[in-house]
file start_5.cif (mmCIF, C-alpha atoms)
data_entry
#
loop_
_atom_site.label_atom_id
_atom_site.label_comp_id
_atom_site.auth_asym_id
_atom_site.auth_seq_id
_atom_site.Cartn_x
_atom_site.Cartn_y
_atom_site.Cartn_z
CA MET A 5 19.96 -35.25 16.60
CA SER A 6 19.13 -38.94 16.88
CA THR A 7 16.73 -38.22 19.75
CA ALA A 8 14.88 -35.71 17.58
CA LEU A 9 14.60 -38.27 14.77
CA ASP A 10 13.57 -40.97 17.28
CA HIS A 11 10.46 -39.03 18.25
CA ILE A 12 9.41 -38.66 14.62
CA THR A 13 9.95 -42.31 13.69
CA ARG A 14 7.93 -43.45 16.73
CA VAL A 15 4.77 -42.07 15.12
CA ARG A 16 2.78 -44.94 13.59
CA GLY A 17 3.05 -44.91 9.80
CA VAL A 18 6.34 -43.01 9.63
CA ARG A 19 8.88 -44.99 7.60
CA GLY A 20 11.83 -42.73 8.20
CA ALA A 21 13.06 -39.32 9.29
CA MET A 22 16.01 -37.28 8.14
CA LEU A 23 17.85 -34.04 8.68
CA VAL A 24 18.86 -32.64 5.32
CA SER A 25 21.12 -29.73 4.39
CA ALA A 26 18.70 -27.36 2.63
CA GLU A 27 21.38 -25.85 0.42
CA ASP A 28 23.19 -29.05 -0.60
CA GLY A 29 20.44 -31.66 -0.55
CA ILE A 30 22.74 -33.97 1.42
CA VAL A 31 21.74 -36.14 4.38
CA VAL A 32 22.96 -34.83 7.75
CA ALA A 33 21.32 -37.55 9.89
CA GLU A 34 18.81 -40.27 9.12
CA GLN A 35 16.72 -43.04 10.58
CA LEU A 36 15.17 -44.88 7.67
CA MET A 37 13.49 -48.20 7.14
CA GLU A 38 15.20 -50.53 4.69
CA GLY A 39 14.40 -49.78 1.07
CA ILE A 40 14.09 -46.00 1.42
CA LYS A 41 16.74 -44.23 -0.62
CA GLY A 42 17.92 -41.51 1.73
CA GLY A 43 20.06 -39.70 -0.83
CA ALA A 44 17.21 -39.49 -3.33
CA VAL A 45 14.71 -38.26 -0.72
CA ALA A 46 17.18 -35.66 0.55
CA ALA A 47 17.93 -34.35 -2.95
CA LEU A 48 14.22 -34.21 -3.80
CA ALA A 49 13.29 -32.47 -0.54
CA ALA A 50 16.03 -29.83 -0.86
CA SER A 51 15.22 -29.20 -4.52
CA LEU A 52 11.51 -28.76 -3.78
CA ALA A 53 12.24 -26.63 -0.71
CA GLY A 54 14.45 -24.27 -2.71
CA ARG A 55 11.91 -23.86 -5.51
CA LEU A 56 9.06 -23.47 -3.05
CA ARG A 57 10.94 -20.84 -1.05
CA ARG A 58 11.63 -18.76 -4.17
CA ALA A 59 8.03 -19.12 -5.39
CA MET A 60 6.66 -18.09 -2.00
CA GLU A 61 9.00 -15.13 -1.81
CA ALA A 62 7.86 -14.05 -5.28
CA ALA A 63 4.22 -14.47 -4.25
CA GLY A 64 4.83 -12.43 -1.11
CA THR A 65 3.47 -15.09 1.21
CA GLY A 66 6.50 -15.31 3.49
CA THR A 67 8.48 -18.45 4.19
CA SER A 68 6.95 -21.90 4.58
CA VAL A 69 6.80 -23.50 8.02
CA PHE A 70 5.52 -26.93 6.95
CA TRP A 71 4.74 -28.70 3.70
CA HIS A 72 3.21 -32.03 2.87
CA LEU A 73 3.60 -33.84 -0.45
CA GLN A 74 1.09 -36.64 -0.83
CA ALA A 75 1.92 -39.39 -3.32
CA GLU A 76 0.14 -42.62 -4.25
CA GLN A 77 2.33 -44.82 -2.08
CA GLY A 78 3.47 -42.44 0.60
CA ALA A 79 3.92 -38.93 1.83
CA LEU A 80 6.80 -36.53 2.32
CA LEU A 81 6.45 -34.09 5.18
CA VAL A 82 8.97 -31.30 5.68
CA VAL A 83 9.63 -28.55 8.19
CA PRO A 84 12.36 -26.07 7.17
CA GLY A 85 14.42 -25.29 10.27
CA GLY A 86 15.94 -21.86 10.90
CA ASN A 87 17.02 -19.91 7.85
CA ALA A 88 15.58 -22.29 5.23
CA GLN A 89 18.07 -21.27 2.54
CA GLY A 90 21.18 -22.29 4.42
CA GLY A 91 19.58 -24.31 7.16
CA ILE A 92 18.32 -27.77 7.88
CA LEU A 93 15.19 -29.47 6.61
CA VAL A 94 13.49 -31.91 8.96
CA VAL A 95 11.97 -34.55 6.70
CA ALA A 96 9.63 -37.47 7.34
CA VAL A 97 8.75 -40.21 4.88
CA ALA A 98 5.42 -41.77 5.78
CA GLU A 99 2.64 -44.12 4.74
CA PRO A 100 -0.22 -42.43 2.83
CA ASP A 101 -2.62 -42.79 5.79
CA VAL A 102 -0.29 -41.44 8.50
CA ASN A 103 -1.60 -39.01 11.12
CA ILE A 104 -0.34 -35.80 9.50
CA GLY A 105 -1.04 -33.60 12.53
CA LEU A 106 1.02 -35.78 14.83
CA VAL A 107 3.96 -35.99 12.42
CA ARG A 108 3.83 -32.23 11.89
CA LEU A 109 4.00 -31.70 15.64
CA GLU A 110 7.07 -33.94 15.97
CA LEU A 111 8.75 -32.33 12.96
CA LEU A 112 8.26 -28.86 14.47
CA ARG A 113 9.64 -30.06 17.82
CA ALA A 114 12.62 -31.63 16.07
CA ALA A 115 13.28 -28.43 14.11
CA GLU A 116 13.30 -26.44 17.35
CA SER A 117 15.73 -28.82 19.01
CA VAL A 118 18.25 -29.15 16.18
CA VAL A 119 18.42 -25.58 14.88
CA MET B 1 15.43 -23.82 -23.46
CA SER B 2 17.46 -26.97 -22.84
CA PRO B 3 21.22 -26.66 -23.37
CA GLN B 4 22.79 -28.05 -26.55
CA THR B 5 24.10 -31.57 -25.96
CA ARG B 6 26.44 -33.18 -28.48
CA ALA B 7 28.55 -36.31 -28.50
CA VAL B 8 31.59 -37.57 -30.35
CA GLU B 9 30.69 -41.09 -29.23
CA SER B 10 26.98 -41.51 -29.95
CA TRP B 11 26.34 -44.03 -27.13
CA THR B 12 27.02 -41.28 -24.58
CA LEU B 13 24.33 -38.95 -25.92
CA GLN B 14 21.12 -40.33 -24.37
CA PRO B 15 22.54 -40.87 -20.86
CA LEU B 16 24.06 -37.38 -20.94
CA THR B 17 20.83 -35.78 -22.21
CA ASP B 18 18.90 -37.46 -19.38
CA PHE B 19 21.47 -36.32 -16.81
CA VAL B 20 21.35 -32.71 -17.98
CA ARG B 21 17.54 -32.66 -17.83
CA GLU B 22 17.18 -34.41 -14.48
CA ALA B 23 20.04 -32.82 -12.55
CA SER B 24 19.45 -29.36 -14.09
CA VAL B 25 23.16 -28.81 -14.65
CA ARG B 26 24.48 -25.95 -16.75
CA LEU B 27 27.61 -27.49 -18.27
CA VAL B 28 28.79 -31.10 -18.56
CA LEU B 29 31.77 -32.84 -20.08
CA VAL B 30 32.26 -36.59 -20.41
CA LEU B 31 35.94 -37.21 -21.01
CA THR B 32 38.76 -39.68 -20.66
CA PRO B 33 41.45 -39.11 -17.99
CA SER B 34 43.74 -37.96 -20.79
CA GLY B 35 41.35 -35.10 -21.62
CA GLN B 36 39.75 -36.54 -24.74
CA VAL B 37 36.13 -35.31 -24.82
CA LEU B 38 33.40 -37.86 -25.60
CA ALA B 39 30.41 -35.55 -25.14
CA GLN B 40 29.51 -32.09 -23.94
CA SER B 41 26.48 -30.11 -22.97
CA GLY B 42 26.00 -26.38 -22.54
CA PHE B 43 29.32 -25.17 -23.94
CA SER B 44 29.14 -22.61 -26.73
CA ARG B 45 32.84 -22.18 -27.57
CA ALA B 46 35.42 -24.81 -28.54
CA VAL B 47 38.11 -23.04 -26.53
CA ASP B 48 36.03 -23.45 -23.36
CA VAL B 49 35.66 -27.19 -23.98
CA MET B 50 39.40 -27.55 -24.51
CA SER B 51 40.24 -25.57 -21.36
CA ALA B 52 37.70 -27.37 -19.19
CA ALA B 53 38.76 -30.80 -20.49
CA ALA B 54 42.46 -30.06 -19.92
CA LEU B 55 41.83 -28.72 -16.41
CA ALA B 56 39.51 -31.61 -15.48
CA ALA B 57 42.06 -34.14 -16.74
CA ALA B 58 44.76 -32.38 -14.73
CA ILE B 59 42.63 -32.53 -11.57
CA VAL B 60 41.95 -36.25 -12.11
CA ALA B 61 45.68 -36.87 -12.57
CA THR B 62 46.61 -34.77 -9.54
CA THR B 63 44.09 -36.32 -7.16
CA SER B 64 44.90 -39.83 -8.39
CA GLU B 65 48.58 -39.28 -7.68
CA LEU B 66 47.80 -37.72 -4.31
CA ALA B 67 45.69 -40.76 -3.41
CA ARG B 68 48.47 -43.06 -4.59
CA GLN B 69 51.02 -41.27 -2.41
CA LEU B 70 48.64 -41.54 0.55
CA ARG B 71 48.21 -45.26 -0.28
CA GLN B 72 44.48 -44.76 -0.76
CA PRO B 73 42.21 -45.84 -3.59
CA PRO B 74 41.62 -43.03 -6.12
CA PHE B 75 39.15 -40.37 -4.97
CA ALA B 76 35.67 -41.09 -6.26
CA ALA B 77 34.46 -37.52 -6.62
CA LEU B 78 35.45 -33.93 -6.06
CA SER B 79 33.01 -31.16 -5.27
CA HIS B 80 33.66 -27.44 -5.07
CA GLN B 81 30.93 -25.01 -4.17
CA GLY B 82 31.13 -21.29 -4.71
CA PRO B 83 28.58 -18.62 -3.78
CA LYS B 84 26.50 -19.08 -6.95
CA MET B 85 27.80 -22.15 -8.76
CA GLY B 86 29.14 -25.58 -7.94
CA PHE B 87 31.55 -27.93 -9.72
CA PHE B 88 31.37 -31.70 -9.53
CA LEU B 89 34.07 -33.97 -10.95
CA ALA B 90 33.93 -37.74 -10.66
CA THR B 91 35.42 -40.79 -12.34
CA PHE B 92 34.10 -44.28 -12.97
CA VAL B 93 35.33 -47.35 -14.82
CA THR B 94 33.72 -48.75 -17.95
CA GLU B 95 34.72 -51.51 -20.37
CA ARG B 96 36.57 -48.81 -22.30
CA GLY B 97 38.55 -47.80 -19.24
CA MET B 98 38.11 -44.89 -16.88
CA LEU B 99 35.84 -41.98 -17.79
CA ALA B 100 35.38 -38.67 -16.00
CA VAL B 101 32.34 -36.43 -15.74
CA LEU B 102 32.65 -32.71 -15.04
CA ALA B 103 29.39 -30.95 -14.19
CA VAL B 104 28.79 -27.29 -13.41
CA TYR B 105 25.50 -26.29 -11.79
CA ASP B 106 23.77 -23.14 -10.56
CA LEU B 107 22.99 -23.29 -6.85
CA ASP B 108 19.66 -21.57 -7.56
CA VAL B 109 18.59 -24.39 -9.84
CA SER B 110 20.32 -27.52 -8.58
CA SER B 111 22.32 -28.84 -5.63
CA ILE B 112 25.21 -31.18 -4.97
CA GLY B 113 22.74 -33.75 -3.64
CA LEU B 114 20.76 -33.68 -6.85
CA VAL B 115 23.89 -33.79 -9.04
CA GLN B 116 25.36 -36.72 -7.07
CA LEU B 117 22.08 -38.60 -7.24
CA PHE B 118 21.72 -38.33 -11.00
CA TYR B 119 25.46 -38.75 -11.59
CA GLU B 120 25.12 -42.28 -10.16
CA GLN B 121 22.42 -42.93 -12.76
CA LEU B 122 24.56 -41.39 -15.51
CA ALA B 123 27.54 -43.57 -14.60
CA ALA B 124 25.34 -46.69 -14.55
CA ASP B 125 23.74 -45.77 -17.90
CA LEU B 126 27.12 -45.09 -19.52
CA LYS B 127 28.51 -48.40 -18.23
CA THR B 128 25.52 -50.18 -19.75
CA ALA B 129 25.73 -48.27 -23.03
CA THR B 130 29.48 -48.78 -23.50
CA PRO B 131 30.04 -50.80 -26.68
CA LYS B 132 30.96 -54.33 -25.63
CA GLY B 133 34.46 -55.48 -26.39
CA ALA B 134 35.47 -52.00 -27.48
CA VAL B 135 39.12 -51.10 -27.14
CA PRO B 136 39.96 -47.52 -26.14
CA LYS B 137 41.18 -45.63 -29.16
CA GLN B 138 44.77 -44.53 -28.84
CA VAL B 139 45.43 -41.04 -30.11
CA LEU B 140 48.95 -40.75 -31.43
CA ALA B 141 50.81 -37.47 -31.17
CA ALA B 142 50.92 -37.22 -34.97
CA ASP B 143 47.12 -37.48 -35.17
CA PHE B 144 46.39 -35.39 -32.12
CA GLU B 145 45.56 -32.09 -33.82
CA ARG B 146 43.37 -33.73 -36.46
CA GLU B 147 41.57 -35.83 -33.83
CA LEU B 148 41.02 -32.75 -31.68
CA THR B 149 39.69 -30.72 -34.59
CA ASP B 150 37.37 -33.55 -35.64
CA SER B 151 36.07 -33.93 -32.09
CA LEU B 152 35.45 -30.20 -31.68
CA ASN B 153 33.67 -30.06 -35.03
CA THR B 154 31.39 -32.88 -33.94
CA LEU B 155 30.80 -31.33 -30.52
CA PHE B 156 29.74 -28.03 -32.04
CA GLY B 157 27.85 -29.42 -35.02
CA ARG B 158 30.19 -28.00 -37.67
#
call {"tool": "encode", "arguments": {"input": "start_5.cif", "output": "structure tokens"}}
result
Amino acid sequence: MSTALDHITRVRGVRGAMLVSAEDGIVVAEQLMEGIKGGAVAALAASLAGRLRRAMEAAGTGTSVFWHLQAEQGALLVVPGGNAQGGILVVAVAEPDVNIGLVRLELLRAAESVV
Amino acid sequence: MSPQTRAVESWTLQPLTDFVREASVRLVLVLTPSGQVLAQSGFSRAVDVMSAAALAAAIVATTSELARQLRQPPFAALSHQGPKMGFFLATFVTERGMLAVLAVYDLDVSSIGLVQLFYEQLAADLKTATPKGAVPKQVLAADFERELTDSLNTLFGR
């Protein structure tokens, strides 16, 4: 698990990476810079993932494979691993100007290795 | 529609209202370890409040004694998750002594992570809002029924 998170946090602009229980919103593993509240990020990511999954099911678009939430001071990037409802979310917290494509690639690789 | 939130002790109302909104919980009780309810949200019947408060107080007493026998500090929180709903029970210490919070949430709407996160804020807000220098009110056996009736009337806006 830590190796998977290592690869994500090596990307320039990534401030932390986490594995989060999608159902509970609780941190499973984390590598975060000081000042990032892991519990809050995990709860937010799981809450958004659950609502997004239900909305996408209702819209008939299938399940999400990657989502990116851009905020003023940073970005949240998430790849739901396995069965998103009871599975693991691979989460990255990044600077606003991070290379999204590269982080996405590492998140997808991490999801494959941990699920 | 947001659930009805009412308080016997008015200083508990705003922190509890914020907690209910942010954590998206269905039912909440703020109570003393003896089962005296300070505030509630989401309950529609007095009998449910009484049952939940008595059971929560019993759990707090049981786990505290279990911790004591194991020579451990009292358990901070207890979480039970069923297929559709979850229960969260935790205690914290204020100037008025120990208080307990019982929260019930739908797994479709909230999660234990979200409840824990906003519970920490609730506990901090309640500690701040606790009237300074207040002494916990002792309920004597002779006054118990009247106190209980008064509290339930306040909690259900009668």
call {"tool": "residues_around", "arguments": {"input": "start_5.cif", "residues": "range 48-58 of chain B", "least_positions_apart": "2", "cutoff": "7 Å", "atoms": "all atoms listed in the file", "output": "PyMOL selection string"}}
result
chain B and resi 33-35+37+43+45-46+60-62+102
call {"tool": "write_last_selection", "arguments": {"input": "start_5.cif", "atoms": "C-alpha atoms", "output": "short mmCIF file (atom, residue, chain, number, x, y, z; two decimals), keeping the file's coordinate frame"}}
result
data_model
loop_
_atom_site.label_atom_id
_atom_site.label_comp_id
_atom_site.auth_asym_id
_atom_site.auth_seq_id
_atom_site.Cartn_x
_atom_site.Cartn_y
_atom_site.Cartn_z
CA PRO B 33 41.45 -39.11 -17.99
CA SER B 34 43.74 -37.96 -20.79
CA GLY B 35 41.35 -35.10 -21.62
CA VAL B 37 36.13 -35.31 -24.82
CA PHE B 43 29.32 -25.17 -23.94
CA ARG B 45 32.84 -22.18 -27.57
CA ALA B 46 35.42 -24.81 -28.54
CA VAL B 60 41.95 -36.25 -12.11
CA ALA B 61 45.68 -36.87 -12.57
CA THR B 62 46.61 -34.77 -9.54
CA LEU B 102 32.65 -32.71 -15.04
#
call {"tool": "closest_residue", "arguments": {"input": "start_5.cif", "among": "B:Thr130, B:Gln36, B:Ser110, B:Gln121", "to": "chain A", "atoms": "only C-alpha atoms"}}
result
B:Ser110
call {"tool": "resolve_selection", "arguments": {"input": "start_5.cif", "expression": "the PyMOL selection byres ((chain B) within 12 of (chain A))", "output": "PyMOL selection string"}}
result
chain B and resi 22-24+79-86+105-121
call {"tool": "closest_residue", "arguments": {"input": "start_5.cif", "among": "A:Asp10, A:Glu61, A:Glu116, A:Glu34", "to": "Gly85 in chain A", "atoms": "all atoms listed in the file"}}
result
A:Glu116
call {"tool": "resolve_selection", "arguments": {"input": "start_5.cif", "expression": "the PyMOL selection byres ((chain A and resi 79) around 6)", "output": "list in words"}}
result
Leu73, Gln74, Ala75, Gly78, Leu80, Val97, Ala98 and Pro100 of chain A
call {"tool": "atom_distance", "arguments": {"input": "start_5.cif", "atom1": "CA of Ile12 in chain A", "atom2": "CA of Thr67 in chain A"}}
result
22.8 Å
call {"tool": "atom_distance", "arguments": {"input": "start_5.cif", "atom1": "CA of Leu109 in chain A", "atom2": "CA of Ala8 in chain A"}}
result
11.8 Å
call {"tool": "resolve_selection", "arguments": {"input": "start_5.cif", "expression": "the PyMOL selection byres ((chain B and resi 30) around 8)", "output": "MDAnalysis selection string"}}
result
chainID B and resid 28:29 31:32 37:40 99:102
call {"tool": "write_last_selection", "arguments": {"input": "start_5.cif", "atoms": "C-alpha atoms", "output": "PDB file, in the frame of the given file"}}
result
ATOM      1  CA  VAL B  28      28.790 -31.100 -18.560  1.00  0.00           C
ATOM      2  CA  LEU B  29      31.770 -32.840 -20.080  1.00  0.00           C
ATOM      3  CA  LEU B  31      35.940 -37.210 -21.010  1.00  0.00           C
ATOM      4  CA  THR B  32      38.760 -39.680 -20.660  1.00  0.00           C
ATOM      5  CA  VAL B  37      36.130 -35.310 -24.820  1.00  0.00           C
ATOM      6  CA  LEU B  38      33.400 -37.860 -25.600  1.00  0.00           C
ATOM      7  CA  ALA B  39      30.410 -35.550 -25.140  1.00  0.00           C
ATOM      8  CA  GLN B  40      29.510 -32.090 -23.940  1.00  0.00           C
ATOM      9  CA  LEU B  99      35.840 -41.980 -17.790  1.00  0.00           C
ATOM     10  CA  ALA B 100      35.380 -38.670 -16.000  1.00  0.00           C
ATOM     11  CA  VAL B 101      32.340 -36.430 -15.740  1.00  0.00           C
ATOM     12  CA  LEU B 102      32.650 -32.710 -15.040  1.00  0.00           C
TER      13      LEU B 102
END
call {"tool": "residues_around", "arguments": {"input": "start_5.cif", "residues": "Glu95 in chain B", "least_positions_apart": "3", "cutoff": "8 Å", "atoms": "all atoms listed in the file", "output": "PyMOL selection string"}}
result
chain B and resi 127+130-134
call {"tool": "residues_around", "arguments": {"input": "start_5.cif", "residues": "Pro74 in chain B", "least_positions_apart": "6", "cutoff": "8 Å", "atoms": "only C-alpha atoms", "output": "number ranges by chain"}}
result
B: 63-64, 67-68
call {"tool": "atom_distance", "arguments": {"input": "start_5.cif", "atom1": "CA of Phe75 in chain B", "atom2": "CA of Gly97 in chain B"}}
result
16.1 Å
call {"tool": "residues_around", "arguments": {"input": "start_5.cif", "residues": "Val18 in chain A", "least_positions_apart": "4", "cutoff": "12 Å", "atoms": "only C-alpha atoms", "output": "compact mmCIF listing (two decimals) with C-alpha atoms, in the frame of the given file"}}
result
# COMPACT_ATOMS: atom_id res chain seq x y z
CA LEU A 9 14.60 -38.27 14.77
CA ASP A 10 13.57 -40.97 17.28
CA HIS A 11 10.46 -39.03 18.25
CA ILE A 12 9.41 -38.66 14.62
CA THR A 13 9.95 -42.31 13.69
CA ARG A 14 7.93 -43.45 16.73
CA MET A 22 16.01 -37.28 8.14
CA GLN A 35 16.72 -43.04 10.58
CA LEU A 36 15.17 -44.88 7.67
CA MET A 37 13.49 -48.20 7.14
CA ILE A 40 14.09 -46.00 1.42
CA GLY A 78 3.47 -42.44 0.60
CA ALA A 79 3.92 -38.93 1.83
CA LEU A 80 6.80 -36.53 2.32
CA LEU A 81 6.45 -34.09 5.18
CA VAL A 95 11.97 -34.55 6.70
CA ALA A 96 9.63 -37.47 7.34
CA VAL A 97 8.75 -40.21 4.88
CA ALA A 98 5.42 -41.77 5.78
CA GLU A 99 2.64 -44.12 4.74
CA PRO A 100 -0.22 -42.43 2.83
CA ASP A 101 -2.62 -42.79 5.79
CA VAL A 102 -0.29 -41.44 8.50
CA ASN A 103 -1.60 -39.01 11.12
CA ILE A 104 -0.34 -35.80 9.50
CA LEU A 106 1.02 -35.78 14.83
CA VAL A 107 3.96 -35.99 12.42
CA ARG A 108 3.83 -32.23 11.89
CA GLU A 110 7.07 -33.94 15.97
CA LEU A 111 8.75 -32.33 12.96
